[in-house]
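Chemist: The file below is protein-v3.txt, compact mmCIF, C-alpha atoms:
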```txt
# COMPACT_ATOMS: atom_id res chain seq x y z
CA MET T 249 0.00 0.00 0.00
CA ALA T 250 2.90 2.34 0.72
CA GLN T 251 4.16 1.88 -2.82
CA PHE T 252 0.66 2.58 -4.15
CA HIS T 253 0.54 5.82 -2.15
CA VAL T 254 3.80 6.96 -3.72
CA VAL T 255 2.41 6.44 -7.20
CA ALA T 256 -1.28 7.34 -6.74
CA GLY T 257 -1.28 9.76 -3.80
CA ALA T 258 -3.42 9.91 -0.67
CA SER T 259 -6.82 9.97 -2.40
CA ASP T 260 -8.68 6.74 -3.19
CA VAL T 261 -9.53 8.26 -6.56
CA PRO T 262 -6.78 10.20 -8.41
CA VAL T 263 -7.47 13.94 -8.37
CA HIS T 264 -6.22 15.60 -11.55
CA PRO T 265 -5.51 19.32 -11.12
CA ILE T 266 -6.86 21.75 -13.70
CA VAL T 267 -4.16 23.05 -16.04
CA ARG T 268 -4.34 26.59 -17.46
CA LYS T 269 -3.09 28.12 -20.68
CA ILE T 270 -0.25 30.56 -20.04
CA THR T 271 1.72 33.10 -22.09
CA PRO T 272 5.28 34.50 -22.02
CA ALA T 273 3.88 37.26 -19.80
CA ASP T 274 3.31 34.61 -17.14
CA LEU T 275 6.98 33.61 -17.37
CA LYS T 276 7.97 37.24 -16.86
CA GLU T 277 5.72 37.44 -13.81
CA ALA T 278 7.06 34.17 -12.38
CA LEU T 279 10.67 35.36 -12.80
CA ALA T 280 9.83 38.70 -11.20
CA LYS T 281 8.34 36.95 -8.18
CA GLY T 282 11.34 34.61 -8.10
CA PHE T 283 13.65 37.62 -7.86
CA ASP T 284 11.39 39.08 -5.19
CA ASP T 285 11.69 35.91 -3.08
CA PHE T 286 15.44 35.98 -3.52
CA TRP T 287 15.89 39.63 -2.59
CA ALA T 288 13.59 39.26 0.41
CA MET T 289 16.38 37.34 2.14
CA PRO T 290 19.40 37.11 -0.15
CA SER T 291 21.87 36.16 2.58
CA HIS T 292 19.86 33.04 3.46
CA LEU T 293 19.40 32.03 -0.15
CA VAL T 294 23.00 32.63 -1.16
CA PHE T 295 23.96 30.36 1.74
CA ILE T 296 21.71 27.64 0.33
CA GLY T 297 22.73 28.49 -3.24
CA LEU T 298 26.43 28.02 -2.44
CA ILE T 299 25.72 24.29 -2.42
CA TYR T 300 25.38 24.35 -6.20
CA PRO T 301 28.69 26.01 -7.18
CA ILE T 302 30.54 23.92 -4.59
CA ILE T 303 29.14 20.75 -6.12
CA GLY T 304 29.98 22.04 -9.60
CA VAL T 305 33.60 22.80 -8.72
CA CYS T 306 33.98 19.40 -7.03
CA LEU T 307 32.62 17.66 -10.12
CA ALA T 308 34.99 19.61 -12.36
CA ALA T 309 37.91 18.63 -10.13
CA LEU T 310 36.84 14.99 -10.20
CA THR T 311 36.71 14.94 -14.00
CA PHE T 312 40.32 16.07 -14.14
CA SER T 313 41.67 13.87 -11.33
CA ASN T 314 39.88 10.78 -12.64
CA ASN T 315 40.73 11.31 -16.32
CA ALA T 316 37.11 12.01 -17.15
CA LEU T 317 37.48 15.34 -18.95
CA PRO T 318 34.99 14.37 -21.69
CA LEU T 319 32.29 14.38 -18.99
CA LEU T 320 32.95 17.97 -17.91
CA TYR T 321 30.33 19.52 -20.21
CA PRO T 322 27.74 16.75 -19.67
CA LEU T 323 28.12 17.16 -15.91
CA ALA T 324 27.76 20.95 -16.11
CA SER T 325 24.72 20.77 -18.38
CA GLY T 326 23.30 18.01 -16.20
CA PHE T 327 22.31 20.65 -13.63
CA ALA T 328 19.30 21.29 -15.85
CA LEU T 329 18.28 17.63 -15.52
CA VAL T 330 18.46 17.36 -11.74
CA GLY T 331 17.71 21.03 -10.98
CA PRO T 332 13.95 20.54 -10.42
CA PHE T 333 14.68 18.09 -7.59
CA ALA T 334 17.66 20.04 -6.22
CA ALA T 335 15.47 23.14 -5.83
CA ILE T 336 12.74 21.47 -3.76
CA GLY T 337 13.74 23.37 -0.62
CA LEU T 338 13.43 26.66 -2.48
CA TYR T 339 9.87 25.80 -3.48
CA GLU T 340 9.10 25.34 0.21
CA ILE T 341 10.46 28.79 1.05
CA SER T 342 8.31 30.35 -1.67
CA ARG T 343 5.29 28.40 -0.43
CA ARG T 344 5.77 29.70 3.11
CA ARG T 345 6.24 33.30 1.97
CA GLU T 346 3.09 32.96 -0.12
CA LEU T 347 1.20 31.94 3.02
CA GLY T 348 2.63 34.87 4.97
CA LEU T 349 4.59 32.62 7.35
CA THR T 350 7.85 33.62 9.02
CA THR T 351 10.58 32.10 6.87
CA THR T 352 14.27 31.36 7.38
CA TRP T 353 16.72 29.27 5.38
CA GLN T 354 16.15 26.36 7.79
CA ASP T 355 12.57 26.16 6.53
CA ALA T 356 13.93 24.77 3.25
CA PHE T 357 14.28 21.47 5.11
CA ASN T 358 10.59 21.37 6.03
CA VAL T 359 10.06 19.41 2.84
CA LEU T 360 11.25 16.38 4.82
CA GLN T 361 7.99 16.61 6.78
CA SER T 362 5.80 16.78 3.67
CA PRO T 363 3.25 13.95 3.24
CA SER T 364 4.51 13.71 -0.35
CA ILE T 365 8.17 13.19 0.54
CA PRO T 366 8.16 9.51 -0.62
CA SER T 367 6.72 10.60 -3.98
CA ILE T 368 9.18 13.49 -4.21
CA ALA T 369 12.06 11.13 -3.49
CA ALA T 370 10.82 8.61 -6.07
CA LEU T 371 10.59 11.30 -8.74
CA GLY T 372 14.04 12.53 -7.73
CA VAL T 373 15.41 9.03 -8.27
CA LEU T 374 13.84 9.01 -11.72
CA LEU T 375 15.64 12.26 -12.59
CA LEU T 376 18.89 10.81 -11.25
CA VAL T 377 18.48 7.78 -13.50
CA ILE T 378 17.89 10.06 -16.50
CA PHE T 379 20.98 12.08 -15.52
CA LEU T 380 23.10 8.91 -15.39
CA LEU T 381 21.72 7.81 -18.77
CA TRP T 382 22.73 11.22 -20.16
CA LEU T 383 26.28 10.82 -18.82
CA THR T 384 26.51 7.30 -20.23
CA SER T 385 25.22 8.45 -23.62
CA ALA T 386 27.64 11.40 -23.67
CA ARG T 387 30.61 9.17 -22.84
CA THR T 388 29.58 6.60 -25.44
CA LEU T 389 29.26 9.32 -28.09
CA TYR T 390 32.70 10.73 -27.24
CA GLN T 391 34.31 7.31 -27.38
CA SER T 392 32.64 6.49 -30.69
CA ILE T 393 34.27 9.58 -32.22
CA PHE T 394 37.62 9.92 -30.42
CA GLY T 395 38.17 6.43 -29.03
CA TYR T 396 39.04 5.51 -25.46
CA GLU T 397 42.15 7.66 -25.02
CA VAL T 398 41.49 10.50 -22.58
CA PRO T 399 43.08 13.98 -23.05
CA ALA T 400 45.92 14.70 -20.63
CA SER T 401 44.95 18.32 -19.95
CA TYR T 402 42.14 20.84 -20.26
CA SER T 403 43.93 22.63 -23.12
CA GLN T 404 44.35 19.42 -25.08
CA PHE T 405 40.71 18.53 -24.52
CA PHE T 406 39.42 21.94 -25.64
CA ASN T 407 41.68 21.93 -28.71
CA GLN T 408 40.40 18.47 -29.59
CA VAL T 409 36.75 19.44 -29.26
CA LEU T 410 36.83 23.01 -30.59
CA GLY T 411 39.58 22.75 -33.16
CA THR T 412 38.75 19.64 -35.16
CA ALA T 413 36.00 18.47 -37.50
CA ASP T 414 35.33 15.50 -35.20
CA GLY T 415 34.98 17.94 -32.34
CA MET T 416 32.35 19.92 -34.21
CA ARG T 417 30.52 16.66 -34.94
CA LEU T 418 30.65 15.81 -31.23
CA ILE T 419 29.21 19.23 -30.33
CA VAL T 420 26.34 19.01 -32.83
CA ILE T 421 25.31 15.42 -32.08
CA GLY T 422 25.89 15.85 -28.35
CA ASN T 423 23.67 18.91 -28.16
CA ILE T 424 20.93 17.21 -30.15
CA LEU T 425 21.13 14.27 -27.75
CA GLY T 426 21.14 16.60 -24.76
CA PHE T 427 18.12 18.44 -26.16
CA CYS T 428 16.16 15.17 -26.22
CA PHE T 429 17.02 14.47 -22.60
CA ALA T 430 16.13 18.06 -21.65
CA VAL T 431 12.73 17.85 -23.35
CA ALA T 432 11.97 14.62 -21.50
CA VAL T 433 12.91 16.09 -18.14
CA LEU T 434 11.06 19.36 -18.81
CA SER T 435 7.93 17.42 -19.68
CA ILE T 436 7.88 15.24 -16.56
CA SER T 437 9.19 17.74 -14.01
CA ALA T 438 8.25 21.27 -15.10
CA ILE T 439 5.64 21.57 -12.39
CA SER T 440 5.50 18.08 -10.83
CA PHE T 441 7.75 18.81 -7.82
CA PRO T 442 5.90 21.99 -6.77
CA LEU T 443 2.63 20.12 -7.27
CA LEU T 444 3.75 17.28 -4.99
CA LEU T 445 4.87 19.79 -2.38
CA ASP T 446 1.48 21.50 -2.58
CA ARG T 447 -0.72 18.41 -2.78
CA ASP T 448 -0.22 14.72 -2.04
CA VAL T 449 -1.35 13.57 -5.49
CA GLY T 450 1.30 10.90 -6.12
CA VAL T 451 3.96 10.56 -8.81
CA ALA T 452 1.59 9.41 -11.55
CA VAL T 453 -0.75 12.41 -11.29
CA ALA T 454 2.15 14.85 -10.83
CA VAL T 455 3.98 13.63 -13.95
CA TYR T 456 0.76 13.46 -15.97
CA THR T 457 -0.13 17.04 -14.95
CA SER T 458 3.37 18.27 -15.86
CA ILE T 459 3.21 16.60 -19.29
CA LYS T 460 -0.27 18.05 -19.82
CA ALA T 461 0.97 21.53 -18.89
CA VAL T 462 3.76 21.27 -21.47
CA ALA T 463 1.41 19.86 -24.11
CA MET T 464 -1.13 22.66 -23.57
CA ASN T 465 1.55 25.37 -23.59
CA PRO T 466 4.25 24.11 -25.98
CA PHE T 467 5.68 27.47 -27.01
CA THR T 468 5.61 29.06 -23.54
CA MET T 469 7.07 25.99 -21.82
CA ALA T 470 9.74 25.64 -24.51
CA LEU T 471 10.63 29.29 -23.88
CA TRP T 472 10.81 28.53 -20.16
CA GLY T 473 13.17 25.64 -20.88
CA LEU T 474 15.41 27.93 -22.93
CA ILE T 475 15.43 30.53 -20.15
CA VAL T 476 16.43 27.89 -17.60
CA ALA T 477 19.14 26.44 -19.85
CA ALA T 478 20.58 29.88 -20.67
CA ALA T 479 20.56 30.96 -17.02
CA LEU T 480 22.29 27.77 -15.90
CA LEU T 481 24.88 28.14 -18.66
CA VAL T 482 25.64 31.72 -17.65
CA GLY T 483 25.76 30.72 -13.99
CA SER T 484 28.14 27.83 -14.71
CA ILE T 485 30.69 29.71 -16.81
CA PRO T 486 32.52 31.55 -14.00
CA LEU T 487 33.52 28.33 -12.18
CA PHE T 488 29.86 27.67 -11.30
CA VAL T 489 29.85 30.66 -8.91
CA GLY T 490 26.84 32.24 -10.60
CA LEU T 491 24.73 29.23 -9.65
CA ALA T 492 24.59 30.61 -6.09
CA ILE T 493 22.18 33.23 -7.46
CA VAL T 494 20.79 31.55 -10.57
CA MET T 495 19.57 28.38 -8.85
CA PRO T 496 17.63 30.15 -6.05
CA VAL T 497 15.99 32.58 -8.48
CA LEU T 498 15.00 29.80 -10.89
CA GLY T 499 13.78 27.64 -8.01
CA HIS T 500 11.50 30.35 -6.68
CA ALA T 501 10.34 31.27 -10.17
CA THR T 502 9.41 27.63 -10.80
CA TRP T 503 7.09 27.69 -7.79
CA HIS T 504 5.36 30.83 -9.07
CA LEU T 505 5.15 29.35 -12.58
CA TYR T 506 3.40 26.34 -11.07
CA ARG T 507 0.90 28.68 -9.43
CA ARG T 508 0.11 30.25 -12.80
CA VAL T 509 -0.16 26.95 -14.67
CA VAL T 510 -2.26 24.95 -12.19
CA GLU T 511 -5.58 26.00 -10.69
CA PRO T 512 -5.46 26.49 -6.90
CA PRO T 513 -6.39 23.35 -4.98
CA HIS T 514 -9.45 22.72 -2.89
CA PRO T 515 -8.67 23.57 0.78
CA ASP T 516 -8.83 19.87 1.69
CA GLU T 517 -6.03 19.09 -0.74
CA VAL T 518 -3.50 21.59 0.62
CA HIS T 519 -0.75 20.35 2.90
CA PRO T 520 -0.99 21.87 6.38
CA ALA T 521 1.49 24.67 6.99
CA ALA T 522 4.53 23.63 9.03
```
Could you write out this structure as structure tokens?
Modeler:
Amino acid sequence: MAQFHVVAGASDVPVHPIVRKITPADLKEALAKGFDDFWAMPSHLVFIGLIYPIIGVCLAALTFSNNALPLLYPLASGFALVGPFAAIGLYEISRRRELGLTTTWQDAFNVLQSPSIPSIAALGVLLLVIFLLWLTSARTLYQSIFGYEVPASYSQFFNQVLGTADGMRLIVIGNILGFCFAVAVLSISAISFPLLLDRDVGVAVAVYTSIKAVAMNPFTMALWGLIVAAALLVGSIPLFVGLAIVMPVLGHATWHLYRRVVEPPHPDEVHPAA
């Protein structure tokens, strides 16, 4: 029964939230509110956001020390694949501010008390599996073009990728492959994590609602995906330092985007405030 709850939620009959049509103006509004949440307590959120650049720098160091330089770009771009799960604490902060509750950075950990935490964890595992499949695909593609010999330095690696015809082929095919993974993750997780935090609907309903939201708003959600990808790229360039700001802002904006895409729940469906 516990496994059924994770998939189907607390209700005996699945409750499918109502999905709205949105426009680029809604994205602008969500981003504005995301910035507002960030600036309301920037010191707290930078503290939380520092987790992301620290992880990024550690991953970059590991790729060099373990002769895994070809995975540097896939790891950096992989933030977009696991970001929806990594930002779950930021959604909670936005939820509390929305309710007018006193909020500190410690409240980000209140998600651990959510009735939906098993479903959230299960969906997070799914994103992790997709992330690992992306890394495996990226490594396989690199090896199919350049073989199994690993560059000895960053300069050699960048010259190989940016200065050769095979490198250009790797970039084109790799980005097409990455785009497919990104579309899959956007479809299943665009609003599923905020939805699970807001209502105990289960993984199946959350993923279905997210896919429906993307299907009903293809242009707007594609634009949102491009905004997220561009912001993460900009935040990753200066040794991942920019992610300390980019990730919190995007996390909060995602919560507000969810509020614009999905009709408010019935009072009985809302999780009690912590």
Chemist: Tell me which residues come within 9 Å of (31.2, 12.5, -28.9), as a list in words, counting all atoms listed in the file in the file's coordinates.
Modeler: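 The answer, in the requested form, is Pro318, Ser385, Ala386, Arg387, Thr388, Leu389, Tyr390, Gln391, Ser392, Ile393, Phe394, Val409, Asp414, Gly415, Arg417, Leu418, Ile419, Ile421 and Gly422 of chain T.
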Chemist: Using only C-alpha atoms, which of the listed residues (T:Ala400, T:Ile365, T:Leu323, T:Ala479) sits closest to Val497 (chain T)?
Modeler: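 The shortest atom-to-atom distance to Val497 (chain T) comes from T:Ala479.
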Chemist: Taking into account all atoms listed in the file, which residue in the set T:Val455, T:Val482, T:Ala463, T:Ala288 is nearest to Leu371 (chain T)?
Modeler: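 Nearest to Leu371 (chain T): T:Val455.
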Chemist: I'd like the interatomic distance between CA of Thr271 (chain T) and CA of Asn465 (chain T), to a tenth of an Å.
Modeler: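 One can read the CA of Thr271 (chain T) to CA of Asn465 (chain T) distance as 7.9 Å.
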Chemist: Just want the 12 Å neighbourhood of Leu471 (chain T), counted on all atoms listed in the file, with same-chain residues fewer than 3 positions away dropped. Output as a ChimeraX atom specification.
Modeler: /T:270-276,431,434,462,465-468,474-478
Chemist: Expressed in Å to a single decimal, how great is the separation between CA of Leu376 (chain T) and CA of Trp503 (chain T)?
Modeler: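 CA of Leu376 (chain T) sits 20.9 Å away from CA of Trp503 (chain T).
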Chemist: Could you work out how far CA of Ala280 (chain T) lies from CA of Ala335 (chain T), giving the answer in Å with one decimal?
Modeler: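 Distance between the two atoms: 17.4 Å.
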Chemist: Which residue, T:Val377, T:Glu511, T:Phe405, T:Leu329, has the smallest gap to Ala438 (chain T) when you use only C-alpha atoms?
Modeler: T:Leu329
Chemist: Which one of T:Asn358, T:Leu319, T:Trp472, T:Thr384 sits closest to Ala430 (chain T) if you count all atoms listed in the file?
Modeler: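 Smallest separation from Ala430 (chain T) among the options: T:Trp472.
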Chemist: Could you give me, as a PyMOL selection string, the residues within 12 Å of Asp284 (chain T), counting all atoms listed in the file and dropping anything in the same chain fewer than 3 positions from it?
Modeler: chain T and resi 277-281+287-290+293+342+345-346+496-498+500-501+504
Chemist: So, with all atoms listed in the file as the atoms that count, which of T:Ala324, T:Leu480, T:Asp285, T:Pro366 lies closest to Arg344 (chain T)?
Modeler: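 Closest to Arg344 (chain T) of all the choices is T:Asp285.
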Chemist: Which residues come within 9 Å of Leu444 (chain T), counting all atoms listed in the file, excluding same-chain residues fewer than 2 positions away, as a PyMOL selection string?
Modeler: chain T and resi 362-365+367-368+439-442+446-451+454
Chemist: Residues within 12 Å of Val267 (chain T), please, as a list in words. Count all atoms listed in the file; anything in the same chain fewer than 6 positions from it doesn't count.
Modeler: Ile439, Leu443, Ala454, Tyr456, Thr457, Ser458, Ile459, Lys460, Ala461, Val462, Ala463, Met464, Asn465, Leu505, Tyr506, Arg507, Arg508, Val509, Val510, Glu511, Pro512 and Pro513 of chain T
Chemist: So for region 403-406 of chain T, what box centre and size do we get, axis-aligned, 6 Å extra on each of the six sides, every listed atom, Å to one decimal, as lines of an AutoDock Vina configuration file?
Modeler:
```
center_x = 41.9
center_y = 20.6
center_z = -24.4
size_x = 16.9
size_y = 16.1
size_z = 14.5
```
Chemist: Using only C-alpha atoms, can you tell me which of T:Ile378, T:Ile485, T:Ile493, T:Met469 comes closest to Lys269 (chain T)?
Modeler: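 Of T:Ile378, T:Ile485, T:Ile493, T:Met469, the one nearest Lys269 (chain T) is T:Met469, counting only C-alpha atoms.
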